[in-house]
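Step one of this worksheet: look at the structure below.
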Amino acid sequence: MTSPTDDRSPKLPRGWLRATIVSTIALAFVGAAAGFVAFLSQLRGAEIAPSRKADGIVVLTGGSSRVSDAMELLAAGYGRRLLISGVHPTSTANDISRTLPENQAFMTCCVDLDRTALSTRGNAAEARRWAEGRRFKSLIVVTSNYHMPRALVEFSHAMPQTALIPFAVVGDKWREEPWWISAPTLRLLLLEYVKYIAAELRVRLEDVGIDLSPEMSEQPAGQQPKRPATAQAN
């Protein structure tokens, strides 16, 4: 008879588990690095005029010169109206126009302010409502170059039937020095890459009916949280 303590089952080499863990970590690192390179390849290093005109223009607040560039596009006739999305509740049209004296006339005739959006997803939701209310079928999306990939993910998901034309704003700091020698810029890009991956994952799950994080701006107004003292930067 076989003794209960006689274990004759084959055993894997002792180093097998360690090698598997190391290989998995290495593959994950290589995959993340490849994804980061692909993300960087989407970022424009210079501002390029939109490929065509659109019904409207949407600019997402949170980065330097985004609003001024969007106003210049409006003045140049690239869109009929401009939505500035993510404006802080305490900011008024007069506050914005004082920073853009050369385009003050457009603030009274052709600019709408969205004070509801708290995130990029909220920007997309409010832009969809704005475009649907005006029956716009095409939009120029204005935001910083590093933020554009995630913005397009959110906007494409929120309004799949709307033609989106990106206008990526390139900040002065981006022009002045390469991102790989600037620690703050590198940290910004890594954080934005993580947010971009999270947005991609979330919209893919939503496509199959799984919504892990309902957007607060899409809930009834009485259920929305109080906006922070400073607007969230995108």
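Here's how to read the names in the structure tokens: chain A, B, ... by the order shown, residue numbers from 1 in each chain, ligand numbers from 1 in the order shown.
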
Close residues, segment 115-129 of chain A itself excluded, 6 Å, only C-alpha atoms, min 3 positions apart in chain, as a ChimeraX atom specification | /A:85-89,132,154-155,217

Just the alpha helix (DSSP H) stuff from segment 70-181 of chain A, please, per backbone DSSP, written as a VMD selection string.
-> chain A and resid 70 to 75 93 to 99 104 to 109 120 to 134 148 to 158 172 to 176

Identify, on the basis of only C-alpha atoms, every residue whose closest approach to Glu192 of chain A does not exceed 12 Å; exclude the query and any residue fewer than 6 positions from it along the same chain; express the result as an NGL selection string.
-> :A and (36 or 39-40 or 43 or 120 or 144-151 or 185-186 or 198-199 or 233-234)

May I have the selected residues written with N, CA, C and O atoms, as a compact mmCIF listing (two decimals), in the first residue's frame?
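So selection31.txt came out as:
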```txt
# COMPACT_ATOMS: atom_id res chain seq x y z
N PHE A 36 2.94 53.52 -24.77
CA PHE A 36 3.32 54.91 -24.53
C PHE A 36 3.92 55.54 -25.78
O PHE A 36 3.63 56.69 -26.12
N PHE A 39 1.13 56.26 -28.05
CA PHE A 39 0.43 57.45 -27.57
C PHE A 39 1.17 58.72 -27.98
O PHE A 39 0.58 59.67 -28.48
N LEU A 40 2.50 58.71 -27.80
CA LEU A 40 3.30 59.88 -28.17
C LEU A 40 3.23 60.17 -29.66
O LEU A 40 3.28 61.33 -30.08
N LEU A 43 0.71 62.74 -30.79
CA LEU A 43 0.82 64.13 -30.35
C LEU A 43 1.51 64.98 -31.41
O LEU A 43 2.61 64.66 -31.86
N THR A 120 -13.17 65.53 -18.74
CA THR A 120 -13.20 65.39 -20.21
C THR A 120 -14.46 64.67 -20.65
O THR A 120 -15.07 65.02 -21.66
N SER A 144 -5.28 70.85 -25.70
CA SER A 144 -3.82 70.71 -25.79
C SER A 144 -3.45 69.42 -26.51
O SER A 144 -4.20 68.44 -26.49
N ASN A 145 -2.27 69.42 -27.12
CA ASN A 145 -1.85 68.26 -27.91
C ASN A 145 -1.79 66.99 -27.07
O ASN A 145 -2.21 65.91 -27.52
N TYR A 146 -1.28 67.09 -25.83
CA TYR A 146 -1.17 65.90 -24.99
C TYR A 146 -2.53 65.38 -24.54
O TYR A 146 -2.69 64.21 -24.20
N HIS A 147 -3.54 66.25 -24.54
CA HIS A 147 -4.89 65.89 -24.09
C HIS A 147 -5.78 65.43 -25.24
O HIS A 147 -6.83 64.81 -25.01
N MET A 148 -5.39 65.70 -26.48
CA MET A 148 -6.25 65.42 -27.63
C MET A 148 -6.62 63.94 -27.79
O MET A 148 -7.78 63.63 -28.06
N PRO A 149 -5.69 62.98 -27.64
CA PRO A 149 -6.09 61.57 -27.80
C PRO A 149 -7.23 61.16 -26.89
O PRO A 149 -8.20 60.53 -27.32
N ARG A 150 -7.16 61.56 -25.61
CA ARG A 150 -8.23 61.19 -24.66
C ARG A 150 -9.50 61.95 -24.98
O ARG A 150 -10.61 61.39 -24.89
N ALA A 151 -9.38 63.21 -25.37
CA ALA A 151 -10.57 63.99 -25.73
C ALA A 151 -11.31 63.35 -26.90
O ALA A 151 -12.54 63.26 -26.90
N THR A 185 7.09 67.81 -17.66
CA THR A 185 6.38 67.42 -18.87
C THR A 185 6.28 65.91 -19.00
O THR A 185 5.24 65.37 -19.40
N LEU A 186 7.35 65.21 -18.64
CA LEU A 186 7.32 63.75 -18.69
C LEU A 186 6.28 63.19 -17.73
O LEU A 186 5.52 62.28 -18.08
N ALA A 198 -7.25 54.39 -19.40
CA ALA A 198 -8.45 54.19 -18.59
C ALA A 198 -9.70 54.57 -19.37
O ALA A 198 -10.73 53.88 -19.30
N ALA A 199 -9.63 55.66 -20.14
CA ALA A 199 -10.78 56.08 -20.93
C ALA A 199 -11.09 55.06 -22.03
O ALA A 199 -12.25 54.72 -22.28
N ALA A 233 -8.19 70.87 -14.25
CA ALA A 233 -7.44 70.97 -15.50
C ALA A 233 -7.48 69.66 -16.25
O ALA A 233 -7.34 68.60 -15.64
N ASN A 234 -7.65 69.74 -17.54
CA ASN A 234 -7.66 68.55 -18.38
C ASN A 234 -6.30 68.36 -19.04
O ASN A 234 -5.73 69.30 -19.51
```

DSSP strand (DSSP E or B) selection over segment 28-201 of chain A, as a ChimeraX atom specification | /A:56-60,81-85,111-114,138-144,163-169

Next, write the just-selected residues to a file, as a tab-separated table (two decimals), in the first residue's frame, keeping N, CA and C atoms as the atom set.
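out_22.tsv was written with the following content:
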```tsv
chain	number	residue	atom	x	y	z
A	56	GLY	N	-19.59	73.84	-35.76
A	56	GLY	CA	-19.28	74.49	-34.50
A	56	GLY	C	-17.87	74.17	-34.04
A	57	ILE	N	-17.44	74.89	-33.00
A	57	ILE	CA	-16.12	74.70	-32.39
A	57	ILE	C	-16.32	74.49	-30.89
A	58	VAL	N	-15.63	73.53	-30.32
A	58	VAL	CA	-15.67	73.29	-28.88
A	58	VAL	C	-14.25	73.36	-28.34
A	59	VAL	N	-14.05	74.18	-27.31
A	59	VAL	CA	-12.73	74.25	-26.68
A	59	VAL	C	-12.88	73.79	-25.24
A	60	LEU	N	-11.94	72.96	-24.79
A	60	LEU	CA	-11.93	72.43	-23.43
A	60	LEU	C	-10.98	73.27	-22.59
A	81	ARG	N	-20.41	78.84	-34.36
A	81	ARG	CA	-20.48	79.17	-32.94
A	81	ARG	C	-19.38	78.43	-32.20
A	82	LEU	N	-19.06	78.95	-31.01
A	82	LEU	CA	-18.02	78.36	-30.17
A	82	LEU	C	-18.61	78.03	-28.81
A	83	LEU	N	-18.33	76.81	-28.33
A	83	LEU	CA	-18.67	76.43	-26.97
A	83	LEU	C	-17.38	76.35	-26.15
A	84	ILE	N	-17.32	77.12	-25.08
A	84	ILE	CA	-16.21	77.01	-24.13
A	84	ILE	C	-16.68	76.11	-23.01
A	85	SER	N	-16.16	74.92	-22.94
A	85	SER	CA	-16.65	73.90	-22.01
A	85	SER	C	-15.75	73.77	-20.78
A	111	VAL	N	-20.62	82.98	-28.90
A	111	VAL	CA	-19.94	82.13	-27.92
A	111	VAL	C	-20.90	81.70	-26.83
A	112	ASP	N	-20.87	80.41	-26.50
A	112	ASP	CA	-21.67	79.86	-25.40
A	112	ASP	C	-20.73	79.31	-24.35
A	113	LEU	N	-21.13	79.42	-23.08
A	113	LEU	CA	-20.31	78.95	-21.97
A	113	LEU	C	-20.97	77.74	-21.30
A	114	ASP	N	-20.19	76.71	-21.08
A	114	ASP	CA	-20.64	75.53	-20.34
A	114	ASP	C	-19.95	75.54	-18.98
A	138	SER	N	-20.92	68.59	-37.36
A	138	SER	CA	-19.46	68.55	-37.36
A	138	SER	C	-18.93	69.55	-36.33
A	139	LEU	N	-17.85	69.16	-35.64
A	139	LEU	CA	-17.26	70.01	-34.61
A	139	LEU	C	-15.74	70.01	-34.73
A	140	ILE	N	-15.15	71.18	-34.54
A	140	ILE	CA	-13.70	71.27	-34.35
A	140	ILE	C	-13.45	71.20	-32.85
A	141	VAL	N	-12.63	70.25	-32.42
A	141	VAL	CA	-12.33	70.07	-31.00
A	141	VAL	C	-10.96	70.70	-30.72
A	142	VAL	N	-10.94	71.64	-29.80
A	142	VAL	CA	-9.71	72.37	-29.46
A	142	VAL	C	-9.29	72.01	-28.05
A	143	THR	N	-8.10	71.47	-27.90
A	143	THR	CA	-7.51	71.20	-26.60
A	143	THR	C	-6.01	71.03	-26.78
A	144	SER	N	-5.28	70.85	-25.70
A	144	SER	CA	-3.82	70.71	-25.79
A	144	SER	C	-3.45	69.42	-26.51
A	163	ALA	N	-18.99	64.42	-37.00
A	163	ALA	CA	-17.64	64.50	-37.55
A	163	ALA	C	-16.78	65.38	-36.63
A	164	LEU	N	-15.68	64.84	-36.16
A	164	LEU	CA	-14.79	65.55	-35.24
A	164	LEU	C	-13.49	65.91	-35.94
A	165	ILE	N	-13.12	67.18	-35.86
A	165	ILE	CA	-11.91	67.67	-36.50
A	165	ILE	C	-11.00	68.22	-35.40
A	166	PRO	N	-9.87	67.58	-35.13
A	166	PRO	CA	-9.01	68.03	-34.02
A	166	PRO	C	-8.16	69.25	-34.37
A	167	PHE	N	-8.05	70.14	-33.39
A	167	PHE	CA	-7.07	71.22	-33.48
A	167	PHE	C	-6.28	71.18	-32.19
A	168	ALA	N	-5.06	70.67	-32.27
A	168	ALA	CA	-4.23	70.47	-31.08
A	168	ALA	C	-3.41	71.72	-30.80
A	169	VAL	N	-3.58	72.25	-29.59
A	169	VAL	CA	-2.83	73.43	-29.16
A	169	VAL	C	-1.48	72.99	-28.59
```

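Our summary of the geometry notes that atom CA of Phe136 of chain A is positioned 11.0 Å from atom CA of Met159 of chain A.
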
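Ranking A:Asp172, A:Thr24, A:Arg135, A:Ala19 by their shortest atom-to-atom distance to Ser65 of chain A, with only C-alpha atoms included, puts A:Asp172 first.
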
Å distance separating atom CA of Glu176 of chain A from atom CA of Tyr193 of chain A, one decimal place =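 If I compute the distance from atom CA of Glu176 of chain A to atom CA of Tyr193 of chain A, I get 21.6 Å.
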
If you measure from atom CA of Ala75 of chain A to atom CA of Arg134 of chain A, what distance in Å do you get, rounded to one decimal?
-> 19.3 Å

Between A:Ala131, A:Val170, A:Val37, A:Ile96, which one has atoms that come closest to Leu190 of chain A, using only C-alpha atoms?
-> A:Val37

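With only C-alpha atoms as the atoms that count, the residue of A:Cys109, A:Ile197, A:Leu74, A:Leu100 with the shortest distance to Asp55 of chain A is A:Leu74.
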